[in-house]
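Participant: Sharing upload_22.txt here; it has compact mmCIF, C-alpha atoms.
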```txt
# COMPACT_ATOMS: atom_id res chain seq x y z
CA MET R 24 0.00 0.00 0.00
CA ASN R 25 1.26 3.49 -0.90
CA ARG R 26 0.48 6.61 1.03
CA THR R 27 -0.27 9.95 -0.57
CA MET R 28 0.55 13.29 1.00
CA PRO R 29 -1.50 14.06 4.14
CA VAL R 30 -4.48 16.24 3.36
CA VAL R 31 -3.52 18.62 6.16
CA ALA R 32 -0.87 20.08 3.83
CA PHE R 33 -3.49 21.04 1.27
CA PHE R 34 -5.51 23.05 3.77
CA ALA R 35 -2.64 24.74 5.57
CA PHE R 36 -3.10 28.22 4.08
CA VAL R 37 -6.88 28.25 4.53
CA ALA R 38 -6.51 27.03 8.09
CA ALA R 39 -4.19 29.88 9.04
CA ALA R 40 -6.59 32.43 7.62
CA HIS R 41 -9.72 31.04 9.24
CA ALA R 42 -8.68 29.38 12.52
CA GLN R 43 -9.48 26.03 10.95
CA ALA R 44 -7.82 22.70 11.80
CA PRO R 45 -8.19 19.91 9.25
CA ILE R 46 -8.01 16.49 10.86
CA PRO R 47 -4.56 15.06 9.95
CA GLN R 48 -5.01 12.10 7.61
CA HIS R 49 -3.61 10.42 4.53
CA THR R 50 -4.96 8.34 1.67
CA VAL R 51 -3.96 4.68 1.47
CA ARG R 52 -4.04 2.79 -1.82
CA THR R 53 -5.20 -0.81 -1.68
CA ALA R 54 -6.73 -3.51 -3.88
CA VAL R 55 -9.64 -5.21 -2.15
CA ASP R 56 -12.27 -6.62 -4.51
CA SER R 57 -14.84 -9.33 -3.91
CA GLY R 58 -15.55 -9.79 -7.59
CA ILE R 59 -19.10 -10.84 -8.44
CA VAL R 60 -20.43 -13.01 -5.61
CA SER R 61 -23.85 -14.42 -4.74
CA ASN R 62 -25.42 -16.79 -2.27
CA ALA R 63 -26.73 -20.16 -3.43
CA GLY R 64 -26.98 -21.61 0.06
CA PRO R 65 -29.98 -22.22 2.33
CA GLY R 66 -29.72 -19.04 4.39
CA ALA R 67 -28.04 -15.69 4.83
CA ALA R 68 -24.25 -15.94 4.67
CA THR R 69 -21.09 -13.86 4.51
CA VAL R 70 -20.02 -14.23 0.88
CA PHE R 71 -16.91 -12.05 1.17
CA MET R 72 -14.65 -10.97 4.00
CA ALA R 73 -11.47 -8.90 4.19
CA VAL R 74 -9.38 -7.08 6.78
CA ILE R 75 -8.35 -3.60 5.66
CA GLU R 76 -5.62 -1.91 7.66
CA ASP R 77 -2.95 0.76 7.77
CA ARG R 78 -0.68 -0.24 10.61
CA GLY R 79 -0.31 2.45 13.25
CA ALA R 80 -3.15 4.65 12.00
CA ALA R 81 -5.36 6.37 14.57
CA TRP R 82 -8.52 5.57 12.62
CA VAL R 83 -9.77 4.18 9.30
CA ARG R 84 -12.56 5.22 6.92
CA LEU R 85 -13.35 3.24 3.76
CA ASN R 86 -14.17 4.67 0.34
CA PHE R 87 -15.87 2.17 -2.01
CA SER R 88 -14.86 2.29 -5.66
CA ASP R 89 -17.50 -0.26 -6.76
CA LEU R 90 -20.54 -1.39 -4.83
CA LEU R 91 -23.39 -3.66 -5.92
CA LEU R 92 -25.84 -4.93 -3.31
CA SER R 93 -28.66 -7.15 -4.53
CA GLY R 94 -32.20 -7.59 -3.27
CA ASP R 95 -34.98 -5.15 -2.49
CA PRO R 96 -33.32 -2.42 -0.38
CA HIS R 97 -36.52 -2.16 1.68
CA ALA R 98 -36.92 -5.91 2.32
CA ALA R 99 -35.46 -8.09 5.05
CA ASP R 100 -33.49 -10.19 2.54
CA ARG R 101 -31.47 -7.29 1.14
CA SER R 102 -27.70 -7.68 0.88
CA PHE R 103 -25.60 -5.48 3.13
CA LEU R 104 -22.08 -4.63 4.23
CA ARG R 105 -20.93 -4.95 7.82
CA ILE R 106 -17.85 -2.94 8.82
CA THR R 107 -16.33 -3.59 12.25
CA SER R 108 -13.46 -1.90 14.05
CA LEU R 109 -10.93 -4.47 15.21
CA GLN R 110 -9.94 -2.13 18.02
CA ASP R 111 -13.20 -1.46 19.83
CA GLY R 112 -15.82 -3.55 17.98
CA ALA R 113 -17.81 -0.56 16.73
CA GLU R 114 -20.01 -1.71 13.85
CA GLN R 115 -21.79 -0.13 10.90
CA VAL R 116 -24.27 -1.87 8.58
CA LEU R 117 -24.78 -0.41 5.09
CA ASP R 118 -27.50 -1.61 2.73
CA ALA R 119 -27.99 -0.05 -0.69
CA THR R 120 -30.04 2.84 0.71
CA HIS R 121 -27.63 3.73 3.51
CA ALA R 122 -24.65 3.36 1.17
CA ARG R 123 -26.23 6.14 -0.93
CA TYR R 124 -26.70 8.25 2.18
CA TRP R 125 -22.98 7.84 2.87
CA SER R 126 -21.99 8.55 -0.77
CA GLY R 127 -20.11 5.28 -1.02
CA THR R 128 -18.06 5.78 2.16
CA THR R 129 -18.25 4.55 5.74
CA ALA R 130 -18.21 6.09 9.18
CA TYR R 131 -14.90 6.71 10.96
CA PHE R 132 -13.59 3.66 12.87
CA ASN R 133 -11.03 3.79 15.66
CA GLY R 134 -7.81 1.83 15.30
CA ASP R 135 -5.75 0.87 12.28
CA ALA R 136 -7.89 -1.99 10.92
CA VAL R 137 -11.49 -2.90 10.10
CA MET R 138 -13.20 -6.12 9.08
CA LEU R 139 -15.29 -5.73 5.90
CA GLU R 140 -18.02 -8.33 5.35
CA LEU R 141 -20.55 -8.68 2.53
CA VAL R 142 -23.68 -10.54 3.66
CA ALA R 143 -26.17 -11.89 1.09
CA PHE R 144 -29.39 -13.88 1.12
CA PRO R 145 -30.07 -16.89 -1.12
CA GLY R 146 -31.18 -16.26 -4.67
CA THR R 147 -31.28 -12.47 -4.47
CA GLY R 148 -28.66 -11.83 -7.17
CA ASP R 149 -25.12 -10.66 -7.73
CA ASN R 150 -23.09 -8.54 -5.32
CA ARG R 151 -19.73 -6.82 -5.40
CA VAL R 152 -17.65 -4.58 -3.16
CA SER R 153 -14.35 -2.99 -4.14
CA VAL R 154 -12.03 -0.70 -2.16
CA ARG R 155 -9.13 0.88 -4.03
CA GLU R 156 -8.34 3.53 -1.46
CA PHE R 157 -9.29 4.53 2.06
CA TRP R 158 -8.46 7.25 4.53
CA ALA R 159 -6.43 6.77 7.67
CA GLY R 160 -5.85 9.12 10.58
CA ASP R 161 -2.31 10.22 11.28
CA PRO R 162 -1.10 8.89 14.65
CA THR R 163 -0.27 12.38 15.97
CA ALA R 164 -2.15 15.66 15.99
CA GLY R 165 -1.59 18.33 13.37
CA PRO R 166 -0.32 21.90 13.85
CA VAL R 167 -2.11 24.09 16.37
CA ILE R 168 -3.46 27.39 15.10
CA ASP R 169 -4.09 29.58 18.14
CA SER R 170 -6.50 32.44 18.47
CA LEU R 171 -6.28 32.75 22.24
CA CYS R 172 -6.78 36.00 24.08
CA GLY R 173 -4.13 35.13 26.68
CA ALA R 174 -3.84 31.84 28.54
CA ASP R 175 -6.09 29.06 27.28
CA ASN R 176 -9.07 29.22 29.64
CA ARG R 177 -11.35 26.76 27.84
CA ILE R 178 -12.77 23.82 29.77
CA PRO R 179 -14.25 20.53 28.50
CA SER R 180 -17.98 20.59 27.83
CA GLN R 181 -20.77 18.30 26.64
CA ASP R 182 -23.25 20.50 24.79
CA GLN R 183 -25.49 18.04 22.92
CA ARG R 184 -26.33 20.66 20.26
CA GLN R 185 -22.74 20.57 18.99
CA GLY R 186 -20.99 18.29 16.51
CA ARG R 187 -17.50 17.92 15.06
CA LEU R 188 -17.52 18.33 11.27
CA MET R 189 -15.15 15.84 9.65
CA PRO R 190 -12.74 15.71 7.89
CA ILE R 191 -12.17 19.45 7.81
CA GLY R 192 -12.12 19.72 11.59
CA CYS R 193 -14.75 22.42 12.15
CA THR R 194 -17.70 22.81 14.51
CA ALA R 195 -21.36 22.54 13.41
CA TRP R 196 -24.52 23.02 15.44
CA LEU R 197 -28.18 22.05 15.28
CA ILE R 198 -30.73 24.83 14.96
CA GLY R 199 -34.47 25.10 15.52
CA ASP R 200 -35.59 25.40 11.90
CA ALA R 201 -38.39 23.13 10.64
CA ALA R 202 -35.99 20.32 9.71
CA HIS R 203 -33.44 20.87 12.51
CA CYS R 204 -30.47 21.35 10.19
CA PHE R 205 -27.01 22.81 10.89
CA ILE R 206 -25.07 26.05 10.73
CA THR R 207 -21.29 26.33 10.44
CA ALA R 208 -18.70 28.59 8.79
CA GLY R 209 -18.70 28.84 5.01
CA HIS R 210 -15.00 28.06 4.75
CA CYS R 211 -15.69 24.69 6.40
CA PHE R 212 -16.84 23.49 2.97
CA PRO R 213 -13.85 24.46 0.76
CA THR R 214 -14.02 21.12 -1.05
CA ALA R 215 -16.78 18.76 -2.16
CA SER R 216 -19.05 18.04 0.78
CA THR R 217 -20.08 14.57 -0.37
CA THR R 218 -17.86 12.89 2.22
CA ALA R 219 -18.38 15.25 5.18
CA VAL R 220 -19.66 13.79 8.46
CA VAL R 221 -20.98 15.36 11.67
CA GLN R 222 -19.92 13.51 14.83
CA PHE R 223 -21.64 13.91 18.19
CA ASN R 224 -20.61 12.77 21.68
CA VAL R 225 -16.95 12.91 20.67
CA PRO R 226 -14.63 11.04 23.10
CA LEU R 227 -11.36 12.40 24.46
CA SER R 228 -8.48 12.20 22.02
CA ASN R 229 -5.49 9.87 22.31
CA ALA R 230 -2.49 10.75 24.44
CA ASN R 231 -0.67 12.01 21.32
CA GLY R 232 -3.60 14.26 20.40
CA SER R 233 -4.95 12.16 17.51
CA THR R 234 -8.72 12.09 17.33
CA VAL R 235 -10.96 9.31 18.63
CA ASN R 236 -14.33 8.70 16.97
CA PRO R 237 -17.72 8.07 18.55
CA PRO R 238 -19.73 4.96 17.54
CA PRO R 239 -21.28 5.00 14.02
CA ALA R 240 -24.70 5.70 15.59
CA ASP R 241 -23.35 9.13 16.60
CA GLN R 242 -22.07 9.92 13.08
CA PHE R 243 -24.25 11.57 10.43
CA PRO R 244 -23.28 11.95 6.74
CA VAL R 245 -23.78 15.41 5.26
CA GLN R 246 -26.27 15.47 2.38
CA SER R 247 -24.43 17.46 -0.29
CA LEU R 248 -27.70 18.52 -1.95
CA SER R 249 -28.60 20.45 1.19
CA VAL R 250 -25.35 22.44 1.50
CA GLN R 251 -25.51 26.19 0.96
CA THR R 252 -22.25 28.01 1.63
CA THR R 253 -20.41 31.21 0.90
CA GLY R 254 -17.34 29.02 0.50
CA GLY R 255 -15.25 31.20 2.80
CA GLY R 256 -15.97 34.88 2.53
CA ALA R 257 -14.50 37.94 4.18
CA ILE R 258 -14.95 38.50 7.89
CA GLY R 259 -18.63 39.08 8.54
CA SER R 260 -19.79 37.21 5.42
CA ASP R 261 -18.73 33.62 6.08
CA ALA R 262 -21.57 31.14 6.69
CA ALA R 263 -23.01 27.77 5.70
CA TYR R 264 -26.31 25.93 6.23
CA PHE R 265 -26.75 22.21 5.62
CA GLY R 266 -28.43 18.97 6.68
CA THR R 267 -27.42 15.37 7.25
CA ASN R 268 -28.87 11.99 6.37
CA VAL R 269 -29.93 9.51 9.04
CA ASN R 270 -27.51 7.42 11.09
CA THR R 271 -27.25 3.63 11.24
CA LEU R 272 -30.38 3.53 13.43
CA ASN R 273 -32.39 5.57 10.90
CA GLN R 274 -32.43 8.50 13.32
CA THR R 275 -31.99 12.10 12.31
CA ALA R 276 -29.36 14.12 14.18
CA PHE R 277 -32.09 15.95 16.09
CA GLN R 278 -33.81 12.70 17.06
CA ARG R 279 -30.51 11.42 18.37
CA GLN R 280 -29.56 14.60 20.24
CA GLY R 281 -32.96 16.07 21.14
CA VAL R 282 -31.78 19.70 21.48
CA PHE R 283 -30.89 22.65 19.27
CA TYR R 284 -29.87 26.32 19.31
CA ASN R 285 -32.42 29.07 18.88
CA LEU R 286 -31.30 32.00 16.75
CA ALA R 287 -31.40 35.64 17.76
CA ALA R 288 -32.95 38.15 15.37
CA SER R 289 -29.66 40.06 15.29
CA ALA R 290 -26.30 40.18 17.02
CA SER R 291 -25.64 42.21 20.12
CA THR R 292 -24.05 45.65 20.02
CA SER R 293 -23.36 45.87 23.77
CA ALA R 294 -19.65 45.97 24.62
CA GLY R 295 -18.79 43.83 27.62
CA GLN R 296 -21.80 41.55 27.30
CA PRO R 297 -20.78 37.93 28.11
CA ILE R 298 -20.32 35.69 25.06
CA THR R 299 -19.83 31.90 25.12
CA ILE R 300 -18.15 29.93 22.36
CA THR R 301 -18.20 26.14 22.40
CA GLY R 302 -16.48 23.96 19.82
CA TYR R 303 -13.83 21.45 18.83
CA GLY R 304 -10.64 23.50 18.94
CA THR R 305 -7.08 22.17 18.97
CA THR R 306 -4.81 22.30 22.01
CA SER R 307 -1.12 22.79 22.72
CA SER R 308 1.07 22.45 25.83
CA PRO R 309 0.40 22.85 28.72
CA ILE R 310 -3.17 21.80 27.86
CA SER R 311 -3.64 18.03 27.73
CA PRO R 312 -3.43 16.51 24.22
CA THR R 313 -6.49 14.45 25.13
CA TRP R 314 -8.49 17.68 24.89
CA ASN R 315 -7.37 18.20 21.29
CA GLN R 316 -10.35 18.68 18.94
CA VAL R 317 -12.87 17.59 21.52
CA GLN R 318 -15.59 19.89 22.79
CA LYS R 319 -14.50 22.79 25.01
CA THR R 320 -16.10 26.07 26.01
CA HIS R 321 -15.12 29.55 27.21
CA THR R 322 -16.95 32.77 28.10
CA GLY R 323 -15.63 36.30 27.62
CA PRO R 324 -16.76 39.84 26.75
CA PHE R 325 -18.30 41.08 23.52
CA VAL R 326 -16.13 43.81 21.96
CA LEU R 327 -17.90 45.40 19.00
CA LYS R 328 -20.13 44.98 15.98
CA SER R 329 -19.48 46.57 12.58
CA GLY R 330 -22.04 45.72 9.92
CA THR R 331 -22.25 41.93 10.11
CA ARG R 332 -18.75 41.57 11.56
CA ILE R 333 -18.70 40.78 15.28
CA THR R 334 -15.73 40.71 17.66
CA TYR R 335 -15.35 39.12 21.11
CA GLN R 336 -12.57 38.27 23.55
CA VAL R 337 -13.26 34.55 23.86
CA ASP R 338 -10.58 31.87 23.51
CA THR R 339 -10.69 29.76 20.35
CA THR R 340 -8.23 27.72 18.31
CA GLY R 341 -8.27 25.91 14.98
CA GLY R 342 -11.30 23.64 14.97
CA ASN R 343 -13.56 26.27 16.53
CA SER R 344 -14.45 27.54 13.06
CA GLY R 345 -18.20 27.34 12.69
CA SER R 346 -18.89 27.48 16.42
CA PRO R 347 -22.00 29.35 17.55
CA VAL R 348 -21.39 32.75 19.09
CA GLU R 349 -23.82 32.52 21.99
CA ASP R 350 -25.27 35.37 24.01
CA THR R 351 -24.61 33.91 27.46
CA THR R 352 -27.44 35.88 29.03
CA THR R 353 -30.21 34.79 26.65
CA GLY R 354 -28.77 31.51 25.36
CA LEU R 355 -29.47 32.63 21.78
CA ALA R 356 -26.97 32.20 18.95
CA ILE R 357 -26.03 35.66 17.65
CA GLY R 358 -23.41 34.62 15.11
CA ILE R 359 -20.86 32.16 13.73
CA HIS R 360 -17.22 32.12 14.81
CA THR R 361 -15.02 32.24 11.70
CA HIS R 362 -11.74 34.16 12.15
CA ALA R 363 -8.85 34.55 14.57
CA GLY R 364 -7.32 37.81 15.77
CA CYS R 365 -7.57 37.91 19.55
CA SER R 366 -5.15 39.84 21.77
CA ALA R 367 -5.35 41.79 24.99
CA THR R 368 -7.19 44.59 23.17
CA ASN R 369 -8.74 42.97 20.08
CA GLY R 370 -10.94 39.92 19.70
CA ASN R 371 -11.69 36.87 17.64
CA GLN R 372 -14.23 37.47 14.91
CA GLY R 373 -17.33 36.08 13.30
CA THR R 374 -20.41 36.57 11.16
CA ALA R 375 -23.52 38.13 12.71
CA ILE R 376 -26.65 36.00 12.52
CA GLU R 377 -28.50 38.62 10.44
CA PHE R 378 -26.00 38.26 7.55
CA ALA R 379 -28.34 38.49 4.54
CA THR R 380 -26.90 35.52 2.66
CA LEU R 381 -27.33 33.26 5.68
CA GLN R 382 -30.89 34.46 6.16
CA ASN R 383 -31.56 33.70 2.51
CA TYR R 384 -30.23 30.16 3.01
CA LEU R 385 -32.53 29.67 5.99
CA ALA R 386 -35.52 30.98 4.03
CA ASN R 387 -34.78 28.75 1.04
CA PRO R 388 -33.65 25.34 2.34
CA ARG R 389 -32.52 22.51 0.08
CA GLY R 390 -32.55 18.71 0.28
CA VAL R 391 -33.30 17.25 3.69
CA CYS R 392 -33.59 20.77 5.13
CA ILE R 393 -36.85 21.26 3.22
CA PRO R 394 -39.74 20.42 5.57
CA PRO R 395 -42.14 17.85 4.10
CA VAL R 396 -45.12 19.34 2.27
CA PRO R 397 -47.39 16.48 1.20
CA PRO R 398 -49.67 16.89 -1.81
CA ALA R 399 -53.36 17.53 -1.26
CA CYS R 400 -53.90 13.81 -1.72
CA TYR R 401 -50.97 12.20 0.07
CA PRO R 402 -50.84 8.81 -1.73
CA ASP R 403 -50.87 10.64 -5.09
CA CYS R 404 -47.10 10.91 -4.79
CA ASN R 405 -46.50 12.07 -8.37
CA GLU R 406 -49.51 14.39 -8.25
CA ASP R 407 -51.00 13.19 -11.53
CA SER R 408 -54.53 13.02 -10.03
CA ALA R 409 -54.59 9.22 -10.25
CA LEU R 410 -53.76 6.55 -7.70
CA ASN R 411 -51.81 3.75 -9.39
CA LEU R 412 -48.60 1.73 -9.17
CA SER R 413 -46.54 4.66 -10.40
CA ASP R 414 -47.20 6.32 -7.03
CA PHE R 415 -45.43 3.43 -5.30
CA GLY R 416 -42.44 3.93 -7.59
CA CYS R 417 -42.51 7.62 -6.81
CA PHE R 418 -42.61 6.92 -3.06
CA GLN R 419 -39.74 4.43 -3.30
CA THR R 420 -37.62 6.99 -5.15
CA LYS R 421 -38.33 9.65 -2.55
CA PHE R 422 -37.49 7.17 0.21
CA ALA R 423 -34.20 6.19 -1.40
CA THR R 424 -33.13 9.81 -1.92
CA GLY R 425 -33.97 10.88 1.63
CA ASP R 426 -36.88 13.13 0.63
CA PRO R 427 -38.75 14.32 3.76
CA TYR R 428 -42.01 13.37 2.01
CA ALA R 429 -41.12 9.70 2.58
CA ASP R 430 -41.74 10.11 6.32
CA CYS R 431 -45.36 9.04 5.76
CA ASN R 432 -46.21 8.53 9.43
CA ALA R 433 -44.52 11.80 10.43
CA ASP R 434 -42.47 10.20 13.21
CA GLY R 435 -39.27 11.88 12.07
CA VAL R 436 -37.72 8.65 10.79
CA ARG R 437 -37.75 7.19 7.28
CA ASN R 438 -37.97 3.41 7.63
CA LEU R 439 -40.00 0.37 6.53
CA ALA R 440 -42.98 1.52 8.63
CA ASP R 441 -43.43 4.37 6.15
CA PHE R 442 -44.07 1.85 3.36
CA GLY R 443 -46.86 0.31 5.42
CA CYS R 444 -48.22 3.78 6.11
CA PHE R 445 -48.17 4.65 2.42
CA SER R 446 -49.91 1.39 1.47
CA THR R 447 -52.64 2.08 4.01
CA LYS R 448 -53.20 5.61 2.76
CA PHE R 449 -53.21 4.34 -0.83
CA ALA R 450 -55.88 1.76 0.05
CA LEU R 451 -58.03 4.39 1.76
CA GLY R 452 -57.75 6.76 -1.20
CA CYS R 453 -58.06 10.51 -0.93
CA PRO R 454 -60.14 12.27 1.74
```
What would you get if you wrote out this structure as structure tokens?

Facilitator:
Amino acid sequence: MNRTMPVVAFFAFVAAAHAQAPIPQHTVRTAVDSGIVSNAGPGAATVFMAVIEDRGAAWVRLNFSDLLLSGDPHAADRSFLRITSLQDGAEQVLDATHARYWSGTTAYFNGDAVMLELVAFPGTGDNRVSVREFWAGDPTAGPVIDSLCGADNRIPSQDQRQGRLMPIGCTAWLIGDAAHCFITAGHCFPTASTTAVVQFNVPLSNANGSTVNPPPADQFPVQSLSVQTTGGGAIGSDAAYFGTNVNTLNQTAFQRQGVFYNLAASASTSAGQPITITGYGTTSSPISPTWNQVQKTHTGPFVLKSGTRITYQVDTTGGNSGSPVEDTTTGLAIGIHTHAGCSATNGNQGTAIEFATLQNYLANPRGVCIPPVPPACYPDCNEDSALNLSDFGCFQTKFATGDPYADCNADGVRNLADFGCFSTKFALGCP
């Protein structure tokens, strides 16, 4: 296996400009291929198995080059992949639907090796899985980009509204819009977002500062269709809004976490007002490496507001990019932390919540951030004024693509129960 250059080198300039800390990693070339396999036996069986490793890596994440999983993706006899960490036993199951949600990748797994299994049912057809490259975490932490206002006064925290945005190493947070999507900094999406993941309940890092991942159930793949971003604007105009697909338990991020930030109408203008910033910043000595890029928080004074540029004397480091700027008194989010610059007299900087482009994103959501609006006659999925089999095809397509409409029973989860719900409504016809 041959390693490419670590991706941290690619982002170094952007990171320095925006207090951003890409998670140190490298790409590993490999040649794992099941070929075409099927199951002719009497019951479900593992038809292919392989161990994929990069010795000494902090973590592993697979990227499938070819993937064919047979069977009805909504039936019990569908083929699926099972990926298991050989370090801690964390497991992820991917059927055809969830593989699409993950854009042909997996969750992040701790340790330097995973077991990949392809499980098939008898007589359901051909299957194939191929991995030509995967990502592996560097065994030590990357460079620390400080934006401290003095000594590092941050302390560990466990705010359930917060997530670590991988692999760029930013902070993202749930908000109280109709679909409970996320806000972060615009420069946190400088590359294609098809492989981005939000991680919640992030454990302490390793003793060398390398990141440790939560179980796959606490990892949510970003839906690229939903992403709206400035791509990294000037100070005061740097914002992004996006949503994620469901986790391995078919839960949305909000269903898993249960809490979110409420947004203020506009940012404060009161100098000295207490501001809290919570996020996944890096650390350096004398702070413990185990606190590196895990959640920490600090409170300090608001400094000033100029247009949609806000300034505050609150400690941050690389990895805090995208953190909510919270009015400590009201608990409302008044902005997004985006830029460094703190000193004894100046402050770190961000984008005020009333930034017009961000407000436009919120008013015009995309993908999973669009709240479901069923047609006047719900089972008439394609709205052609006729109930027929084409409506089932329409529903299946919406289900497979993560369309909110597919949550037929409005329980916040898209799963097999929604097919039963749709069938019932189809049988009953229109009101």

Participant: Neighbouring residues of Val55 (chain R) were defined as those with any atom within 7 Å, considering all atoms listed in the file; residues of the same chain fewer than 3 positions away were excluded. Please report them as a list of chain:residue names.

Facilitator: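 Counting all atoms listed in the file, the residues come to R:Ser153, R:Val154, R:Arg155.
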
Participant: By how many Å are CA of Asn224 (chain R) and CA of Ile310 (chain R) apart?

Facilitator: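 Separation of CA of Asn224 (chain R) and CA of Ile310 (chain R): 20.6 Å.
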
Participant: Taking 6 positions as the minimum chain separation for residues in the same chain, which residues sit within 8 Å of Pro190 (chain R) when counting only C-alpha atoms? Answer as a ChimeraX atom specification.

Facilitator: /R:45-46,219-220

Participant: Find, counting all atoms listed in the file, the residue in R:Val83, R:Leu355, R:Ile258, R:Leu286 that gets nearest to Lys328 (chain R).

Facilitator: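 Of the candidates, the smallest distance to Lys328 (chain R) is held by R:Ile258.
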
Participant: Give me the residues near Asn432 (chain R) as a PyMOL selection string, where near means some atom within 8 Å (using all atoms listed in the file) and where sequence neighbours in that chain fewer than 6 positions away do not count.

Facilitator: chain R and resi 440-441+444

Participant: Store the residues picked out above in a file with C-alpha atoms, as an mmCIF file, in the frame of the given file.

Facilitator:
```cif
data_model
loop_
_atom_site.group_PDB
_atom_site.id
_atom_site.type_symbol
_atom_site.label_atom_id
_atom_site.label_comp_id
_atom_site.auth_asym_id
_atom_site.auth_seq_id
_atom_site.Cartn_x
_atom_site.Cartn_y
_atom_site.Cartn_z
ATOM 1 C CA ALA R 440 -42.980 1.520 8.630
ATOM 2 C CA ASP R 441 -43.430 4.370 6.150
ATOM 3 C CA CYS R 444 -48.220 3.780 6.110
#
```

Participant: Mind giving me the straight-line distance from CA of Ala433 (chain R) to CA of Ile206 (chain R) in Å, one decimal?

Facilitator: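 Calculated distance between CA of Ala433 (chain R) and CA of Ile206 (chain R) is 24.1 Å.
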
Participant: What is the CA of Thr374 (chain R) to CA of Val326 (chain R) distance in Å?

Facilitator: 13.7 Å

Participant: Between R:Ala174, R:Val348, R:Ala54, R:Ala119, which has the minimum distance to Asp95 (chain R) (counting only C-alpha atoms)?

Facilitator: R:Ala119
